[in-house]
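With compact mmCIF, C-alpha atoms inside, this is model37.txt:
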# COMPACT_ATOMS: atom_id res chain seq x y z
CA MET A 1 132.15 104.14 117.58
CA SER A 2 129.04 105.88 118.86
CA SER A 3 125.87 103.94 119.61
CA VAL A 4 124.01 106.04 117.02
CA LEU A 5 126.51 105.14 114.29
CA LYS A 6 126.35 101.47 115.28
CA TYR A 7 122.57 101.60 115.04
CA ILE A 8 122.67 103.21 111.57
CA MET A 9 125.16 100.59 110.35
CA MET A 10 123.01 97.78 111.75
CA ILE A 11 119.89 99.11 110.00
CA THR A 12 121.82 99.54 106.72
CA LEU A 13 123.17 95.97 106.92
CA THR A 14 119.66 94.66 107.64
CA ILE A 15 118.27 96.44 104.58
CA ILE A 16 121.08 95.15 102.33
CA THR A 17 120.66 91.60 103.67
CA ALA A 18 116.90 91.71 103.16
CA HIS A 19 117.36 93.01 99.62
CA HIS A 20 119.71 90.18 98.68
CA ALA A 21 117.45 87.63 100.33
CA PHE A 22 114.64 88.52 97.99
CA ALA A 23 116.67 89.49 94.93
CA GLN A 24 116.51 86.98 92.09
CA THR A 25 118.56 86.58 88.98
CA HIS A 26 117.49 84.69 85.91
CA GLN A 27 119.38 83.06 83.08
CA LEU A 28 118.65 80.96 80.02
CA GLU A 29 119.92 77.49 79.21
CA LYS A 30 119.59 76.50 75.57
CA LEU A 31 117.77 73.20 75.04
CA TRP A 32 117.45 72.81 71.27
CA GLU A 33 116.99 74.51 67.94
CA THR A 34 115.41 73.30 64.74
CA ASP A 35 117.22 73.08 61.44
CA THR A 36 116.97 76.18 59.26
CA VAL A 37 113.86 74.84 57.53
CA VAL A 38 111.14 77.01 59.10
CA ARG A 39 110.27 79.60 56.48
CA VAL A 40 110.81 82.94 58.25
CA PRO A 41 109.05 82.15 61.54
CA GLU A 42 107.53 85.18 63.30
CA SER A 43 105.29 83.87 66.07
CA VAL A 44 104.94 80.70 68.16
CA LEU A 45 101.74 79.53 69.86
CA PRO A 46 101.84 76.36 71.99
CA ASP A 47 99.29 73.62 72.53
CA PHE A 48 100.81 71.85 75.51
CA LYS A 49 98.12 69.16 75.70
CA LYS A 50 98.89 68.03 72.15
CA GLY A 51 102.62 68.70 72.41
CA ILE A 52 102.52 71.08 69.45
CA LEU A 53 103.94 74.50 68.59
CA TYR A 54 102.02 76.40 65.91
CA VAL A 55 104.44 78.67 64.07
CA SER A 56 103.57 81.44 61.61
CA GLU A 57 105.74 81.31 58.48
CA ILE A 58 106.13 84.49 56.44
CA ASP A 59 108.22 82.71 53.78
CA GLY A 60 109.51 85.79 52.00
CA ASN A 61 108.80 89.51 52.09
CA PRO A 62 107.16 90.42 55.44
CA ASN A 63 104.97 93.00 53.69
CA ALA A 64 103.98 91.09 50.55
CA VAL A 65 100.52 89.92 49.57
CA ASP A 66 101.93 86.86 47.80
CA GLY A 67 100.10 83.83 49.21
CA LYS A 68 103.41 82.22 50.19
CA GLY A 69 102.87 82.34 53.96
CA GLY A 70 101.37 79.75 56.25
CA VAL A 71 101.37 78.00 59.61
CA ALA A 72 103.66 75.13 60.59
CA LYS A 73 103.43 72.52 63.34
CA ILE A 74 106.54 71.65 65.36
CA GLY A 75 106.86 69.33 68.34
CA LEU A 76 107.83 70.56 71.80
CA ASP A 77 111.07 68.65 71.22
CA GLY A 78 111.90 70.72 68.13
CA LYS A 79 111.04 68.02 65.59
CA VAL A 80 109.15 69.26 62.56
CA ILE A 81 105.66 67.77 62.25
CA ASN A 82 104.22 69.67 59.28
CA LEU A 83 105.60 72.79 57.62
CA ASP A 84 102.44 73.13 55.51
CA PHE A 85 99.68 72.81 58.10
CA THR A 86 98.06 75.95 56.64
CA THR A 87 99.09 77.52 53.33
CA GLY A 88 98.12 80.44 51.10
CA LEU A 89 98.53 83.25 53.64
CA ASN A 90 100.16 86.65 53.17
CA ALA A 91 103.12 87.26 55.48
CA PRO A 92 101.36 85.94 58.63
CA LYS A 93 102.67 87.15 61.97
CA GLY A 94 100.92 87.05 65.36
CA LEU A 95 98.94 84.00 66.47
CA GLY A 96 96.08 83.67 68.96
CA ARG A 97 93.61 80.97 69.93
CA PHE A 98 90.13 80.60 71.31
CA GLY A 99 88.64 77.14 71.55
CA ASN A 100 89.29 75.30 68.29
CA GLU A 101 89.96 78.46 66.30
CA LEU A 102 93.40 79.79 65.49
CA TYR A 103 93.60 83.52 64.73
CA VAL A 104 96.38 84.84 62.48
CA ALA A 105 97.39 88.45 61.79
CA ASP A 106 97.76 88.49 58.01
CA LEU A 107 98.71 92.04 56.91
CA SER A 108 95.24 93.58 56.45
CA GLU A 109 92.97 90.83 57.72
CA VAL A 110 92.63 88.36 60.55
CA VAL A 111 92.44 84.79 59.27
CA VAL A 112 90.47 82.26 61.31
CA ILE A 113 91.71 78.67 61.00
CA ASP A 114 90.24 75.38 62.21
CA ILE A 115 92.95 74.26 64.60
CA ASN A 116 92.18 70.58 64.00
CA THR A 117 92.44 70.63 60.21
CA GLY A 118 94.47 73.71 59.32
CA LYS A 119 91.72 74.85 56.94
CA VAL A 120 90.80 78.52 56.69
CA LYS A 121 87.28 79.10 58.07
CA ASN A 122 86.97 82.85 57.76
CA LYS A 123 88.83 86.07 56.95
CA ILE A 124 88.01 89.25 58.86
CA ALA A 125 89.10 92.32 56.89
CA ILE A 126 90.26 95.41 58.76
CA ASP A 127 89.75 98.23 56.29
CA SER A 128 92.37 100.69 57.55
CA ALA A 129 95.02 98.05 58.28
CA LYS A 130 98.46 98.20 56.67
CA ALA A 131 100.66 95.91 58.77
CA LEU A 132 98.79 93.78 61.27
CA ASN A 133 101.33 92.34 63.66
CA ASP A 134 100.51 90.66 66.97
CA ILE A 135 97.28 89.04 68.17
CA THR A 136 95.92 88.11 71.57
CA VAL A 137 92.55 86.69 72.58
CA ASP A 138 91.03 87.28 76.02
CA ASP A 139 89.11 84.72 78.07
CA LYS A 140 85.81 85.89 76.53
CA GLY A 141 86.98 85.33 72.97
CA ILE A 142 87.57 89.00 72.17
CA VAL A 143 90.46 89.41 69.74
CA TYR A 144 92.96 92.28 69.86
CA VAL A 145 95.35 92.88 66.97
CA SER A 146 98.05 95.52 66.57
CA ASP A 147 98.89 97.43 63.40
CA SER A 148 102.47 98.66 63.58
CA LYS A 149 102.19 101.06 60.63
CA THR A 150 98.97 102.83 61.61
CA LYS A 151 99.79 102.81 65.36
CA LYS A 152 96.42 101.24 66.16
CA ILE A 153 95.08 98.34 68.17
CA HIS A 154 91.86 96.86 66.80
CA ARG A 155 89.26 94.86 68.71
CA ILE A 156 87.16 92.07 67.19
CA GLU A 157 84.11 90.86 69.06
CA LYS A 158 81.73 88.37 67.45
CA GLY A 159 83.19 89.22 64.05
CA LYS A 160 82.69 92.99 64.42
CA VAL A 161 85.78 95.20 64.16
CA SER A 162 86.36 98.38 66.14
CA THR A 163 89.44 100.45 66.97
CA PHE A 164 90.43 100.09 70.61
CA LEU A 165 93.51 102.36 70.83
CA THR A 166 95.27 104.82 68.53
CA ASN A 167 98.62 106.63 68.43
CA ILE A 168 100.64 103.79 70.01
CA GLY A 169 104.00 104.32 68.31
CA GLY A 170 105.74 101.13 67.21
CA VAL A 171 102.90 99.02 68.56
CA ASN A 172 103.60 95.30 68.34
CA GLY A 173 103.29 92.74 71.15
CA LEU A 174 99.94 92.27 72.90
CA LYS A 175 98.79 90.04 75.76
CA ALA A 176 95.30 90.00 77.26
CA ILE A 177 95.21 88.93 80.90
CA GLY A 178 91.83 89.23 82.56
CA PRO A 179 90.47 92.76 82.02
CA GLU A 180 93.91 94.16 81.18
CA LEU A 181 95.76 94.36 77.86
CA TYR A 182 99.56 94.44 78.08
CA ILE A 183 101.18 96.32 75.19
CA LEU A 184 104.61 96.79 73.66
CA GLY A 185 104.76 100.09 71.78
CA GLY A 186 108.29 100.75 70.57
CA GLN A 187 110.47 100.81 73.68
CA LYS A 188 107.48 101.33 75.98
CA PHE A 189 105.90 98.50 77.96
CA MET A 190 102.47 99.46 79.29
CA LYS A 191 99.05 98.12 80.11
CA SER A 192 95.52 99.24 79.31
CA ASP A 193 92.33 98.74 81.23
CA SER A 194 89.05 97.85 79.52
CA LYS A 195 88.35 101.54 78.81
CA GLY A 196 91.67 102.11 77.05
CA ASP A 197 93.34 104.03 79.89
CA LEU A 198 97.08 103.39 79.77
CA THR A 199 99.52 102.80 82.64
CA PRO A 200 103.29 102.74 81.93
CA ILE A 201 105.31 99.83 83.32
CA THR A 202 108.87 100.36 82.04
CA THR A 203 111.02 101.41 79.09
CA LEU A 204 113.17 98.94 77.16
CA SER A 205 116.47 99.62 75.42
CA CYS A 206 115.02 98.47 72.08
CA GLY A 207 111.68 98.07 70.33
CA GLY A 208 109.65 95.30 71.97
CA ASP A 209 108.29 92.41 69.90
CA GLY A 210 106.81 89.53 71.92
CA LEU A 211 105.72 89.28 75.55
CA GLU A 212 104.62 86.41 77.74
CA PRO A 213 103.67 86.34 81.44
CA VAL A 214 105.83 84.24 83.73
CA GLY A 215 102.89 83.61 86.05
CA ASN A 216 103.86 85.73 89.05
CA GLY A 217 103.24 89.19 87.61
CA ASP A 218 106.58 89.25 85.77
CA PHE A 219 107.06 89.06 81.99
CA LEU A 220 109.44 87.72 79.37
CA ILE A 221 109.90 90.21 76.54
CA THR A 222 111.76 89.97 73.23
CA CYS A 223 113.13 92.58 70.89
CA TRP A 224 113.35 91.52 67.26
CA SER A 225 116.96 92.75 67.24
CA GLY A 226 118.08 89.69 69.22
CA HIS A 227 117.29 90.43 72.87
CA ILE A 228 115.28 88.65 75.55
CA PHE A 229 114.49 90.41 78.83
CA TYR A 230 113.01 89.41 82.15
CA VAL A 231 110.81 92.27 83.38
CA THR A 232 109.43 92.28 86.91
CA ALA A 233 105.94 93.47 87.80
CA ASP A 234 107.40 96.75 89.08
CA GLY A 235 109.36 97.36 85.87
CA LYS A 236 112.88 96.15 86.69
CA ILE A 237 114.69 94.73 83.66
CA GLU A 238 117.17 91.86 83.41
CA THR A 239 118.88 90.99 80.12
CA LEU A 240 118.68 87.24 79.57
CA LEU A 241 119.96 87.06 76.00
CA ASP A 242 121.75 89.38 73.59
CA ILE A 243 122.60 87.80 70.24
CA GLN A 244 122.37 90.96 68.17
CA GLU A 245 125.99 90.69 67.03
CA LYS A 246 125.27 87.18 65.73
CA LYS A 247 122.45 88.71 63.64
CA VAL A 248 119.92 86.25 65.04
CA ASN A 249 116.46 87.69 65.60
CA THR A 250 114.19 86.94 68.54
CA ALA A 251 110.58 87.46 67.49
CA ASP A 252 107.21 86.65 69.11
CA LEU A 253 107.97 84.01 71.73
CA ALA A 254 105.88 81.43 73.61
CA TYR A 255 106.38 80.29 77.20
CA ASP A 256 105.53 77.20 79.23
CA PRO A 257 105.03 78.45 82.83
CA LEU A 258 105.02 74.92 84.27
CA LYS A 259 108.26 73.68 82.70
CA HIS A 260 109.78 77.19 82.43
CA ILE A 261 110.64 76.81 78.75
CA LEU A 262 110.75 79.61 76.18
CA TYR A 263 110.13 78.92 72.48
CA VAL A 264 111.66 81.60 70.29
CA PRO A 265 111.23 82.09 66.52
CA THR A 266 114.25 83.62 64.78
CA PHE A 267 112.63 85.22 61.71
CA TRP A 268 115.42 85.45 59.08
CA GLY A 269 117.29 82.75 61.02
CA LYS A 270 114.61 80.29 59.79
CA LYS A 271 114.58 78.21 62.95
CA VAL A 272 112.87 77.98 66.33
CA MET A 273 114.95 77.81 69.52
CA ALA A 274 114.03 76.56 73.00
CA TYR A 275 115.50 77.80 76.27
CA LYS A 276 115.03 76.83 79.91
CA LEU A 277 114.45 79.75 82.28
CA ILE A 278 116.54 79.24 85.41
CA THR A 279 116.01 81.26 88.57
CA THR A 280 118.80 81.55 91.15
CA LYS A 281 118.85 83.46 94.42

Since I need it in another form, could you write the structure as structure tokens?
Amino acid sequence: MSSVLKYIMMITLTIITAHHAFAQTHQLEKLWETDTVVRVPESVLPDFKKGILYVSEIDGNPNAVDGKGGVAKIGLDGKVINLDFTTGLNAPKGLGRFGNELYVADLSEVVVIDINTGKVKNKIAIDSAKALNDITVDDKGIVYVSDSKTKKIHRIEKGKVSTFLTNIGGVNGLKAIGPELYILGGQKFMKSDSKGDLTPITTLSCGGDGLEPVGNGDFLITCWSGHIFYVTADGKIETLLDIQEKKVNTADLAYDPLKHILYVPTFWGKKVMAYKLITTK
């Protein structure tokens, strides 16, 4: 064997070894699931200090203005605390929080709830809205809410509504992190700067629903169809869960970055599930 060939093989082996040294795989270990008593849960928002999960309950038709929806409280152990913490909403979906205010996407308006009492404090109408879906609140208290039917993302600052982005097909999941807004639009995962300039990250195999940062630049992403993905900062995708054949949905999840636990609402499955994220090298 020539010295040149030996050198090439040595370099190739070094590259492969280095790749495997840094490559990580992730898997989920199921911890618990509630009974099927949660009335069509769409989104989960945690309060780790209080040990509470706030869960939006559609309780019926996801497009109906029927006053049947609400917000439930469930413990981090999966035990139901109060299924009627807030009532009288209309197919509520995404949840966000700033201070002691809980923000809920409620079809054509954003409902503001006192997080200590569950009482509705305010309703912010969005005139053009048809199907408000996910909500996120940045560290300055600015609210962003997606409208999946009109392909828009609206911005609410000090009660004033404006349209931040348009023509985002299938827009759903949102997450504000610093000056950036991470967006799921159909199969596309992208981010926007404060001016609305978009940067693509990756393309999923299905329409994205919920997204949560892991804490290292990576994300956990769900598709309503029954998929959970681990997506790295540079756009690589790992499938963590595929329960589509079981007809169990995976909607707008929550994540505990300290304990590495995912909390997943199952929509028509009428329960919330918890999984441990395990990383192996």

Q: Pick out the residues sitting within 9 Å of A:Gly75, and hand them over as an MDAnalysis selection string; count all atoms listed in the file, and ignore anything fewer than 3 positions along from it in its own chain.
A: chainID A and resid 50:54 78:81

Under the rule of at most 9 Å, produce a per-residue listing of stretch 191-275 of chain A near stretch 115-138 of chain A: chain, number, name, the closest pair of atoms, and the distance in Å, as a Markdown table, using only C-alpha atoms.
| residue | atom | partner | partner_atom | distance |
| --- | --- | --- | --- | --- |
| A:Asp209 | CA | A:Asp134 | CA | 8.5 |
| A:Gly210 | CA | A:Asp134 | CA | 8.1 |
| A:Asp252 | CA | A:Asp134 | CA | 8.1 |

Selected residues written out with C-alpha atoms, as a PDB file, keeping the file's coordinate frame:
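File produced: out_24.pdb:
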ATOM      1  CA  ASP A 209     108.290  92.410  69.900  1.00  0.00           C
ATOM      2  CA  GLY A 210     106.810  89.530  71.920  1.00  0.00           C
ATOM      3  CA  ASP A 252     107.210  86.650  69.110  1.00  0.00           C
TER       4      ASP A 252
END

Determine, for each residue of stretch 73-170 of chain A having at least one atom at most 12 Å from an atom of stretch 255-270 of chain A, the closest pair of atoms and their separation in Å to one decimal, counting only C-alpha atoms; order by chain and ascending number, as a Markdown table.
| residue | atom | partner | partner_atom | distance |
| --- | --- | --- | --- | --- |
| A:Ile74 | CA | A:Tyr263 | CA | 10.8 |
| A:Gly75 | CA | A:Tyr263 | CA | 10.9 |
| A:Leu76 | CA | A:Tyr263 | CA | 8.7 |
| A:Asp77 | CA | A:Tyr263 | CA | 10.4 |
| A:Gly78 | CA | A:Tyr263 | CA | 9.4 |
| A:Leu83 | CA | A:Lys270 | CA | 11.9 |
| A:Ala91 | CA | A:Phe267 | CA | 11.6 |
| A:Pro92 | CA | A:Phe267 | CA | 11.7 |
| A:Lys93 | CA | A:Phe267 | CA | 10.1 |
| A:Gly94 | CA | A:Pro265 | CA | 11.5 |

Q: Skip A:Glu238 itself and residues of its chain fewer than 4 positions away, then list as a PyMOL selection string all residues within 12 Å of it, counting all atoms listed in the file.
A: chain A and resi 23-28+202+204-205+218-222+227-232+242+279

Q.
Could you check the closest approach to A:Thr34 for each of A:Ile142, A:Ile156, A:Lys271, A:Gly186 and tell me which residue wins, using all atoms listed in the file?
A. A:Lys271

Q) Quick one: residues within 10 Å of A:Gly141, all atoms listed in the file counted, chain neighbours fewer than 5 positions away excluded, as a PyMOL selection string? A) chain A and resi 97-99+136+156-158

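Here atom CA of A:Trp32 is placed at a distance of 7.3 Å from atom CA of A:Tyr275.
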
Q: Select, from A:Leu277, A:Leu198, A:Ala254, A:Ala72, the residue with the minimum atom-to-atom distance to A:Val44, counting only C-alpha atoms.
A: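 Of the candidates, the smallest distance to A:Val44 is held by A:Ala254.
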
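Residue nearest A:His154, chosen from A:Asn63, A:Thr87, A:Asn100, A:Ser108 and counting only C-alpha atoms: A:Ser108.
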
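Between atom CA of A:Gly159 and atom CA of A:Leu253 the separation is 26.5 Å.
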
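With all atoms listed in the file as the basis for measurement, A:Glu109 is the residue among A:Glu109, A:Glu180, A:Asp114, A:Glu57 that approaches A:Val145 most closely.
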
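In terms of minimum interatomic distance to A:Asn172, A:Lys188 ranks closest within A:Lys236, A:Lys246, A:Lys140, A:Lys188, counting only C-alpha atoms.
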
(Q) Residues within 10 Å of A:Gly196, please, as a ChimeraX atom specification. Count only C-alpha atoms; anything in the same chain fewer than 5 positions from it doesn't count. (A) /A:164-166,180-181,191

Q) Hey, what's within 9 Å of A:Lys68 if we count all atoms listed in the file and toss same-chain stuff fewer than 3 positions away? As a list of chain:residue names, please? A) A:Glu57, A:Ile58, A:Asp59, A:Gly60, A:Ala64, A:Val65, A:Thr87, A:Gly88, A:Leu89, A:Asn90, A:Ala91

Could you dump the residues just selected with C-alpha atoms as a CSV table (one decimal), in the frame of the given file?
chain,number,residue,atom,x,y,z
A,57,GLU,CA,105.7,81.3,58.5
A,58,ILE,CA,106.1,84.5,56.4
A,59,ASP,CA,108.2,82.7,53.8
A,60,GLY,CA,109.5,85.8,52.0
A,64,ALA,CA,104.0,91.1,50.6
A,65,VAL,CA,100.5,89.9,49.6
A,87,THR,CA,99.1,77.5,53.3
A,88,GLY,CA,98.1,80.4,51.1
A,89,LEU,CA,98.5,83.2,53.6
A,90,ASN,CA,100.2,86.6,53.2
A,91,ALA,CA,103.1,87.3,55.5

(Q) Would you compute the distance between atom CA of A:Gly170 and atom CA of A:Gly69? Give it in Å to one decimal. (A) 23.2 Å

N, CA, C and O atoms for stretch 74-88 of chain A, written as a PDB file, keeping the file's coordinate frame, could you do that?
ATOM      1  N   ILE A  74     105.261  72.180  64.888  1.00  0.00           N
ATOM      2  CA  ILE A  74     106.540  71.650  65.360  1.00  0.00           C
ATOM      3  C   ILE A  74     106.314  71.045  66.741  1.00  0.00           C
ATOM      4  O   ILE A  74     105.521  71.555  67.535  1.00  0.00           O
ATOM      5  N   GLY A  75     106.995  69.970  67.037  1.00  0.00           N
ATOM      6  CA  GLY A  75     106.860  69.330  68.340  1.00  0.00           C
ATOM      7  C   GLY A  75     107.561  70.133  69.432  1.00  0.00           C
ATOM      8  O   GLY A  75     108.447  70.949  69.159  1.00  0.00           O
ATOM      9  N   LEU A  76     107.191  69.882  70.683  1.00  0.00           N
ATOM     10  CA  LEU A  76     107.830  70.560  71.800  1.00  0.00           C
ATOM     11  C   LEU A  76     109.294  70.142  71.957  1.00  0.00           C
ATOM     12  O   LEU A  76     110.041  70.761  72.714  1.00  0.00           O
ATOM     13  N   ASP A  77     109.684  69.098  71.233  1.00  0.00           N
ATOM     14  CA  ASP A  77     111.070  68.650  71.220  1.00  0.00           C
ATOM     15  C   ASP A  77     111.857  69.234  70.064  1.00  0.00           C
ATOM     16  O   ASP A  77     113.034  68.928  69.881  1.00  0.00           O
ATOM     17  N   GLY A  78     111.219  70.077  69.251  1.00  0.00           N
ATOM     18  CA  GLY A  78     111.900  70.720  68.130  1.00  0.00           C
ATOM     19  C   GLY A  78     111.811  69.956  66.822  1.00  0.00           C
ATOM     20  O   GLY A  78     112.294  70.430  65.792  1.00  0.00           O
ATOM     21  N   LYS A  79     111.167  68.793  66.832  1.00  0.00           N
ATOM     22  CA  LYS A  79     111.040  68.020  65.590  1.00  0.00           C
ATOM     23  C   LYS A  79     109.893  68.562  64.749  1.00  0.00           C
ATOM     24  O   LYS A  79     108.791  68.798  65.246  1.00  0.00           O
ATOM     25  N   VAL A  80     110.157  68.739  63.469  1.00  0.00           N
ATOM     26  CA  VAL A  80     109.150  69.260  62.560  1.00  0.00           C
ATOM     27  C   VAL A  80     108.054  68.221  62.333  1.00  0.00           C
ATOM     28  O   VAL A  80     108.333  67.058  62.024  1.00  0.00           O
ATOM     29  N   ILE A  81     106.803  68.646  62.492  1.00  0.00           N
ATOM     30  CA  ILE A  81     105.660  67.770  62.250  1.00  0.00           C
ATOM     31  C   ILE A  81     105.076  68.033  60.866  1.00  0.00           C
ATOM     32  O   ILE A  81     104.867  67.105  60.077  1.00  0.00           O
ATOM     33  N   ASN A  82     104.818  69.310  60.561  1.00  0.00           N
ATOM     34  CA  ASN A  82     104.220  69.670  59.280  1.00  0.00           C
ATOM     35  C   ASN A  82     104.491  71.137  58.995  1.00  0.00           C
ATOM     36  O   ASN A  82     103.982  72.008  59.701  1.00  0.00           O
ATOM     37  N   LEU A  83     105.296  71.405  57.980  1.00  0.00           N
ATOM     38  CA  LEU A  83     105.600  72.790  57.620  1.00  0.00           C
ATOM     39  C   LEU A  83     104.500  73.424  56.790  1.00  0.00           C
ATOM     40  O   LEU A  83     104.530  74.633  56.535  1.00  0.00           O
ATOM     41  N   ASP A  84     103.521  72.626  56.369  1.00  0.00           N
ATOM     42  CA  ASP A  84     102.440  73.130  55.510  1.00  0.00           C
ATOM     43  C   ASP A  84     101.076  72.852  56.116  1.00  0.00           C
ATOM     44  O   ASP A  84     100.132  72.493  55.419  1.00  0.00           O
ATOM     45  N   PHE A  85     100.956  73.041  57.425  1.00  0.00           N
ATOM     46  CA  PHE A  85      99.680  72.810  58.100  1.00  0.00           C
ATOM     47  C   PHE A  85      98.592  73.725  57.513  1.00  0.00           C
ATOM     48  O   PHE A  85      97.482  73.286  57.226  1.00  0.00           O
ATOM     49  N   THR A  86      98.926  75.007  57.346  1.00  0.00           N
ATOM     50  CA  THR A  86      98.060  75.950  56.640  1.00  0.00           C
ATOM     51  C   THR A  86      98.894  76.664  55.599  1.00  0.00           C
ATOM     52  O   THR A  86     100.026  77.073  55.871  1.00  0.00           O
ATOM     53  N   THR A  87      98.365  76.839  54.415  1.00  0.00           N
ATOM     54  CA  THR A  87      99.090  77.520  53.330  1.00  0.00           C
ATOM     55  C   THR A  87      98.225  78.626  52.734  1.00  0.00           C
ATOM     56  O   THR A  87      97.057  78.772  53.054  1.00  0.00           O
ATOM     57  N   GLY A  88      98.855  79.416  51.846  1.00  0.00           N
ATOM     58  CA  GLY A  88      98.120  80.440  51.100  1.00  0.00           C
ATOM     59  C   GLY A  88      97.902  81.749  51.837  1.00  0.00           C
ATOM     60  O   GLY A  88      97.069  82.567  51.422  1.00  0.00           O
TER      61      GLY A  88
END
